[in-house]
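Visitor: So here's structure-v8.txt, just compact mmCIF, C-alpha atoms:
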```txt
# COMPACT_ATOMS: atom_id res chain seq x y z
CA MET A 280 -4.91 -23.99 0.42
CA LYS A 281 -5.48 -23.61 -3.33
CA ASN A 282 -4.49 -19.94 -3.44
CA GLU A 283 -7.01 -19.16 -6.13
CA PHE A 284 -9.90 -16.73 -6.17
CA LEU A 285 -12.68 -15.31 -8.30
CA LEU A 286 -13.39 -11.59 -8.08
CA ILE A 287 -17.04 -10.67 -8.03
CA ASP A 288 -17.12 -8.95 -11.43
CA LEU A 289 -15.12 -7.35 -14.24
CA GLU A 290 -15.33 -3.88 -12.69
CA THR A 291 -13.63 -5.16 -9.52
CA ALA A 292 -10.86 -6.74 -11.62
CA VAL A 293 -10.28 -3.44 -13.42
CA ASP A 294 -10.17 -1.63 -10.07
CA LEU A 295 -7.57 -4.05 -8.69
CA GLN A 296 -5.57 -3.70 -11.90
CA ALA A 297 -5.53 0.11 -11.54
CA PHE A 298 -4.40 -0.16 -7.91
CA LEU A 299 -1.55 -2.52 -8.79
CA ASN A 300 -0.48 -0.37 -11.75
CA ARG A 301 -0.12 2.62 -9.39
CA ALA A 302 1.81 0.49 -6.91
CA LYS A 303 4.14 -0.69 -9.68
CA ARG A 304 4.88 2.90 -10.69
CA LEU A 305 5.99 3.59 -7.12
CA ASP A 306 8.04 0.37 -6.93
CA PRO A 307 8.71 -1.18 -10.37
CA SER A 308 9.90 -4.50 -8.92
CA GLY A 309 7.37 -4.50 -6.10
CA LEU A 310 5.36 -7.27 -4.51
CA VAL A 311 1.76 -7.52 -3.34
CA ARG A 312 0.55 -9.52 -0.36
CA LEU A 313 -2.85 -11.10 -1.00
CA ARG A 314 -4.93 -12.46 1.86
CA ALA A 315 -8.47 -13.81 1.95
CA TYR A 316 -10.31 -15.97 4.47
CA GLY A 317 -13.87 -15.57 3.30
CA SER A 318 -15.50 -13.27 0.76
CA LEU A 319 -13.06 -10.34 0.94
CA LEU A 320 -9.61 -10.15 -0.65
CA ALA A 321 -7.05 -7.81 0.94
CA ALA A 322 -4.20 -6.58 -1.27
CA TYR A 323 -1.22 -5.01 0.56
CA VAL A 324 1.63 -3.21 -1.19
CA ALA A 325 4.68 -1.48 0.32
CA PRO A 326 5.85 1.53 -1.72
CA ILE A 327 8.09 2.51 1.23
CA PHE A 328 9.74 -0.14 3.40
CA ALA A 329 12.74 -0.68 5.64
CA GLY A 330 15.33 -2.85 3.93
CA GLY A 331 16.56 -4.85 6.92
CA ILE A 332 16.67 -5.30 10.67
CA MET A 333 19.22 -2.48 11.05
CA ASP A 334 17.28 -0.09 8.82
CA SER A 335 15.51 2.60 10.85
CA GLY A 336 13.39 3.82 7.94
CA PRO A 337 9.59 3.53 7.89
CA THR A 338 7.46 0.81 6.35
CA VAL A 339 4.30 2.22 4.78
CA LEU A 340 1.68 -0.12 3.38
CA GLY A 341 -1.18 0.55 0.99
CA LEU A 342 -4.30 -1.60 1.32
CA ARG A 343 -7.13 -2.11 -1.13
CA THR A 344 -9.92 -4.63 -0.54
CA CYS A 345 -11.96 -6.44 -3.19
CA GLU A 346 -15.16 -8.45 -2.97
CA LEU A 347 -15.00 -12.07 -4.10
CA ALA A 348 -17.67 -14.04 -5.94
CA LYS A 349 -17.32 -16.86 -3.40
CA ASP A 350 -15.39 -17.58 -0.22
CA ALA A 351 -11.70 -18.36 -0.68
CA GLU A 352 -8.55 -19.02 1.32
CA VAL A 353 -5.63 -17.06 -0.08
CA GLU A 354 -2.24 -16.20 1.43
CA GLY A 355 0.74 -15.15 -0.65
CA LEU A 356 3.42 -12.54 -1.30
CA VAL A 357 3.77 -12.36 -5.06
CA SER A 358 5.08 -10.23 -7.91
CA ILE A 359 2.88 -7.26 -8.81
CA GLN A 360 3.78 -7.74 -12.48
CA ALA A 361 2.75 -11.41 -12.38
CA MET A 362 -0.63 -10.41 -10.93
CA LEU A 363 -1.05 -7.70 -13.56
CA ASP A 364 -0.38 -10.29 -16.27
CA ARG A 365 -3.10 -12.55 -14.85
CA LEU A 366 -5.58 -9.70 -14.51
CA ALA A 367 -4.88 -8.50 -18.05
CA ARG A 368 -5.68 -11.94 -19.47
CA ILE A 369 -9.09 -12.19 -17.84
CA ILE A 370 -9.98 -8.52 -18.44
CA ASP A 371 -9.00 -8.70 -22.13
CA ASN A 372 -11.02 -11.89 -22.44
CA GLY A 373 -14.15 -9.93 -21.55
CA ILE A 374 -16.05 -13.04 -20.46
CA TRP A 375 -16.78 -13.32 -16.76
CA ASN A 376 -17.39 -16.80 -15.38
CA ALA A 377 -15.93 -19.19 -12.83
CA LYS A 378 -13.98 -21.12 -15.47
CA ASP A 379 -12.32 -18.29 -17.39
CA SER A 380 -11.98 -15.66 -14.65
CA MET A 381 -10.45 -17.64 -11.78
CA ILE A 382 -7.03 -16.31 -10.71
CA THR A 383 -4.35 -18.59 -9.29
CA LEU A 384 -1.53 -16.94 -7.37
CA PRO A 385 1.96 -17.07 -8.89
CA ALA A 386 4.95 -18.39 -6.94
CA ASN A 387 5.63 -16.85 -3.54
CA GLU A 388 8.41 -14.28 -3.23
CA ARG A 389 10.31 -12.88 -0.25
CA ALA A 390 10.65 -9.29 0.96
CA ALA A 391 11.88 -7.46 4.05
CA TRP A 392 8.33 -6.27 4.73
CA GLY A 393 6.70 -9.64 4.08
CA GLY A 394 6.24 -10.45 7.76
CA VAL A 395 4.97 -6.99 8.71
CA LEU A 396 1.25 -7.01 9.43
CA PRO A 397 -0.71 -4.20 11.10
CA PRO A 398 -3.34 -4.93 13.76
CA ARG A 399 -6.69 -6.21 12.49
CA SER A 400 -8.68 -4.72 15.38
CA GLY A 401 -8.43 -2.17 18.19
CA TRP A 402 -8.31 0.89 15.92
CA VAL A 403 -9.37 4.18 17.50
CA SER A 404 -10.22 7.29 15.50
CA THR A 405 -8.00 10.27 16.35
CA GLY A 406 -9.26 12.88 13.89
CA PHE A 407 -9.12 13.90 10.24
CA LEU A 408 -6.62 15.28 7.74
CA SER A 409 -7.73 17.07 4.60
CA GLU A 410 -6.90 15.85 1.12
CA GLN A 411 -5.33 19.24 0.39
CA GLU A 412 -3.00 18.96 3.38
CA LEU A 413 -1.90 15.41 2.55
CA THR A 414 -1.36 16.25 -1.12
CA GLN A 415 0.84 19.22 -0.21
CA ILE A 416 2.83 17.16 2.31
CA ALA A 417 3.47 14.54 -0.38
CA ARG A 418 4.65 17.19 -2.84
CA ASP A 419 6.90 18.84 -0.25
CA GLY A 420 8.41 15.47 0.67
CA ILE A 421 9.16 14.60 -2.95
CA GLU A 422 10.83 17.98 -3.41
CA GLU A 423 12.86 17.58 -0.21
CA VAL A 424 14.07 14.14 -1.25
CA ALA A 425 15.13 15.51 -4.63
CA ASP A 426 16.89 18.51 -3.07
CA THR A 427 18.60 16.54 -0.28
CA LEU A 428 19.70 13.46 -2.19
CA PRO A 429 22.62 14.03 -4.59
CA GLU A 430 22.40 11.95 -7.77
CA SER A 431 25.77 10.34 -7.02
CA VAL A 432 24.63 8.98 -3.64
CA GLY A 433 23.25 5.47 -3.52
CA GLY A 434 22.81 2.45 -1.30
CA PRO A 435 22.63 2.79 2.49
CA ILE A 436 23.20 6.56 2.54
CA ALA A 437 20.34 7.21 0.12
CA ALA A 438 18.08 4.85 2.06
CA ARG A 439 18.90 6.64 5.31
CA ILE A 440 18.12 10.06 3.86
CA ARG A 441 14.81 8.89 2.41
CA GLY A 442 13.98 7.13 5.68
CA GLU A 443 14.56 10.30 7.69
CA ILE A 444 12.29 12.34 5.42
CA TRP A 445 9.47 9.82 4.98
CA GLY A 446 9.64 8.59 8.57
CA ARG A 447 9.11 11.82 10.48
CA ALA A 448 5.68 12.94 11.65
CA ILE A 449 3.81 15.34 9.39
CA GLU A 450 3.13 17.60 12.39
CA GLN A 451 3.74 17.62 16.13
CA SER A 452 0.15 16.69 17.01
CA THR A 453 0.03 13.47 14.98
CA HIS A 454 1.95 10.21 14.65
CA VAL A 455 1.31 9.99 10.90
CA PRO A 456 4.64 9.76 9.02
CA THR A 457 5.25 11.96 5.99
CA GLY A 458 5.60 8.81 3.89
CA ALA A 459 1.94 7.96 4.51
CA ALA A 460 0.89 11.12 2.66
CA PHE A 461 3.20 10.18 -0.23
CA VAL A 462 1.75 6.66 -0.46
CA ALA A 463 -1.86 7.88 -0.21
CA ALA A 464 -1.26 10.31 -3.07
CA GLY A 465 0.77 7.87 -5.17
CA LEU A 466 -1.82 5.08 -4.92
CA GLY A 467 -4.67 7.38 -5.92
CA PHE A 468 -6.40 7.23 -2.54
CA LEU A 469 -6.98 11.00 -2.27
CA THR A 470 -10.11 12.61 -3.72
CA GLU A 471 -10.30 16.38 -4.02
CA GLY A 472 -11.99 17.92 -0.99
CA GLU A 473 -12.17 14.66 0.99
CA GLN A 474 -11.51 14.46 4.73
CA ILE A 475 -9.29 11.46 5.49
CA GLU A 476 -9.91 9.79 8.85
CA VAL A 477 -6.90 8.91 11.01
CA PHE A 478 -6.83 5.87 13.30
CA GLU A 479 -4.27 4.50 15.76
CA ALA A 480 -3.69 1.05 17.30
CA ASP A 481 -0.66 -0.58 18.94
CA ASN A 482 1.90 1.96 17.67
CA TRP A 483 0.40 1.89 14.18
CA VAL A 484 -1.46 4.63 12.33
CA ARG A 485 -3.97 4.32 9.49
CA LEU A 486 -5.31 6.77 6.96
CA SER A 487 -8.68 5.63 5.62
CA SER A 488 -10.21 7.21 2.53
CA MET A 489 -13.05 6.14 0.28
CA HIS A 490 -10.53 4.49 -2.09
CA GLY A 491 -8.25 2.61 0.30
CA HIS A 492 -6.11 2.59 3.42
CA VAL A 493 -2.52 3.53 4.24
CA LEU A 494 -0.94 1.87 7.28
CA ALA A 495 2.37 2.68 8.93
CA ARG A 496 4.27 2.46 12.16
CA ALA A 497 3.63 5.54 14.27
CA ALA A 498 6.22 8.28 13.69
CA ILE A 499 8.29 9.17 16.75
CA SER A 500 10.03 12.32 15.50
CA PHE A 501 8.83 15.58 14.01
CA SER A 502 12.00 17.21 12.74
```
Will you turn the file into structure tokens for me?

Guide:
Amino acid sequence: MKNEFLLIDLETAVDLQAFLNRAKRLDPSGLVRLRAYGSLLAAYVAPIFAGGIMDSGPTVLGLRTCELAKDAEVEGLVSIQAMLDRLARIIDNGIWNAKDSMITLPANERAAWGGVLPPRSGWVSTGFLSEQELTQIARDGIEEVADTLPESVGGPIAARIRGEIWGRAIEQSTHVPTGAAFVAAGLGFLTEGEQIEVFEADNWVRLSSMHGHVLARAAISFS
């Protein structure tokens, strides 16, 4: 596996760059998992993730897909910053061709969420949530984290508090965790007035908008 790919055009490269810049703002030292087995590249990021096997907090992934100029085989968990550096070089070059625009993955990294992969099939639609509702939930969650978490608290206690807030269901009738709304808003997946479709499969939930997908383990508590 060469772990190299060519995006279909400059516009797609700029779109991927914007997605990764948003992900980096949510997690400055974050990683991106890139997968392709054909003509579509999937880029997964994890703005919220459980830190270890004993961590009960949620893992919430953001997914953006990009069309490739030709089929490729890609599999890697790599630094977001390293990918941004590669994208910047080919975007700033302004010339789009197979020689100058090919991207080779940087060295693989490791992360607690690296082995977490949602189902690829079996998704069933369970309804819709409005952009307005998700945006407000994200704002309320950010405010609750700020109000609940003293500045002097760090480490496991802080992680537990954040996990409790971002891991609970946004309402009793859904399994969507509050953190999914935060990630959807933070990654720029919410468009004013849009209805976001909700899917479930194998104890996972997915929010699918016109700009990307948010995937998370189904929430089991409401309050």

Visitor: Using only C-alpha atoms, which of A:Ser404, A:Thr338, A:Asn387, A:Ser380 sits nearest Val462 of chain A?

Guide: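 Among the listed residues, the smallest separation from Val462 of chain A belongs to A:Thr338.
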
Visitor: From the set A:Ile444, A:Ala377, A:Val484, A:Ile359, which residue has the shortest atom-to-atom contact distance to Arg304 of chain A, counting all atoms listed in the file?

Guide: A:Ile359

Visitor: What is the distance, in Å and to one decimal place, between atom CA of Leu285 of chain A and atom CA of Lys303 of chain A?

Guide: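 About the pair atom CA of Leu285 of chain A and atom CA of Lys303 of chain A: they are 22.3 Å apart.
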
Visitor: Would you work out the distance separating atom CA of Ala425 of chain A from atom CA of Thr470 of chain A, expressed in Å to one decimal?

Guide: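 Going from atom CA of Ala425 of chain A over to atom CA of Thr470 of chain A, I get 25.4 Å.
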
Visitor: Do a neighbour search on Val357 of chain A at 12 Å with all atoms listed in the file, toss out local chain neighbours closer than 2 positions, and write the hits as a PDB file with C-alpha atoms, keeping the file's coordinate frame.

Guide:
```pdb
ATOM      1  CA  ASN A 282      -4.490 -19.940  -3.440  1.00  0.00           C
ATOM      2  CA  LEU A 299      -1.550  -2.520  -8.790  1.00  0.00           C
ATOM      3  CA  SER A 308       9.900  -4.500  -8.920  1.00  0.00           C
ATOM      4  CA  GLY A 309       7.370  -4.500  -6.100  1.00  0.00           C
ATOM      5  CA  LEU A 310       5.360  -7.270  -4.510  1.00  0.00           C
ATOM      6  CA  VAL A 311       1.760  -7.520  -3.340  1.00  0.00           C
ATOM      7  CA  ARG A 312       0.550  -9.520  -0.360  1.00  0.00           C
ATOM      8  CA  LEU A 313      -2.850 -11.100  -1.000  1.00  0.00           C
ATOM      9  CA  ARG A 314      -4.930 -12.460   1.860  1.00  0.00           C
ATOM     10  CA  ALA A 322      -4.200  -6.580  -1.270  1.00  0.00           C
ATOM     11  CA  TYR A 323      -1.220  -5.010   0.560  1.00  0.00           C
ATOM     12  CA  VAL A 324       1.630  -3.210  -1.190  1.00  0.00           C
ATOM     13  CA  VAL A 353      -5.630 -17.060  -0.080  1.00  0.00           C
ATOM     14  CA  GLU A 354      -2.240 -16.200   1.430  1.00  0.00           C
ATOM     15  CA  GLY A 355       0.740 -15.150  -0.650  1.00  0.00           C
ATOM     16  CA  ILE A 359       2.880  -7.260  -8.810  1.00  0.00           C
ATOM     17  CA  GLN A 360       3.780  -7.740 -12.480  1.00  0.00           C
ATOM     18  CA  ALA A 361       2.750 -11.410 -12.380  1.00  0.00           C
ATOM     19  CA  MET A 362      -0.630 -10.410 -10.930  1.00  0.00           C
ATOM     20  CA  LEU A 363      -1.050  -7.700 -13.560  1.00  0.00           C
ATOM     21  CA  ARG A 365      -3.100 -12.550 -14.850  1.00  0.00           C
ATOM     22  CA  THR A 383      -4.350 -18.590  -9.290  1.00  0.00           C
ATOM     23  CA  LEU A 384      -1.530 -16.940  -7.370  1.00  0.00           C
ATOM     24  CA  PRO A 385       1.960 -17.070  -8.890  1.00  0.00           C
ATOM     25  CA  ALA A 386       4.950 -18.390  -6.940  1.00  0.00           C
ATOM     26  CA  ASN A 387       5.630 -16.850  -3.540  1.00  0.00           C
ATOM     27  CA  GLU A 388       8.410 -14.280  -3.230  1.00  0.00           C
ATOM     28  CA  ARG A 389      10.310 -12.880  -0.250  1.00  0.00           C
ATOM     29  CA  ALA A 390      10.650  -9.290   0.960  1.00  0.00           C
ATOM     30  CA  GLY A 393       6.700  -9.640   4.080  1.00  0.00           C
TER      31      GLY A 393
END
```

Visitor: Could you check which residues have any atom within 12 Å of (-9.4, -3.6, -13.1), counting all atoms listed in the file with coordinates taken straight from the file, and then list them as a list in words?

Guide: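 Here the neighbourhood of the point contains Leu286, Ile287, Asp288, Leu289, Glu290, Thr291, Ala292, Val293, Asp294, Leu295, Gln296, Ala297, Phe298, Leu299, Asn300, Arg301, Cys345, Met362, Leu363, Asp364, Arg365, Leu366, Ala367, Arg368, Ile369, Ile370, Asp371 and Gly373 of chain A.
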
Visitor: Kindly give the distance, in Å, that separates atom CA of His454 of chain A and atom CA of Ala497 of chain A, rounded to a single decimal.

Guide: 5.0 Å

Visitor: When distances are computed from all atoms listed in the file, which of A:Glu412, A:Asp426, A:Glu479, A:Glu443 shows the smallest separation from Ala460 of chain A?

Guide: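 Answer, going by the shortest atom-to-atom distance: A:Glu412.
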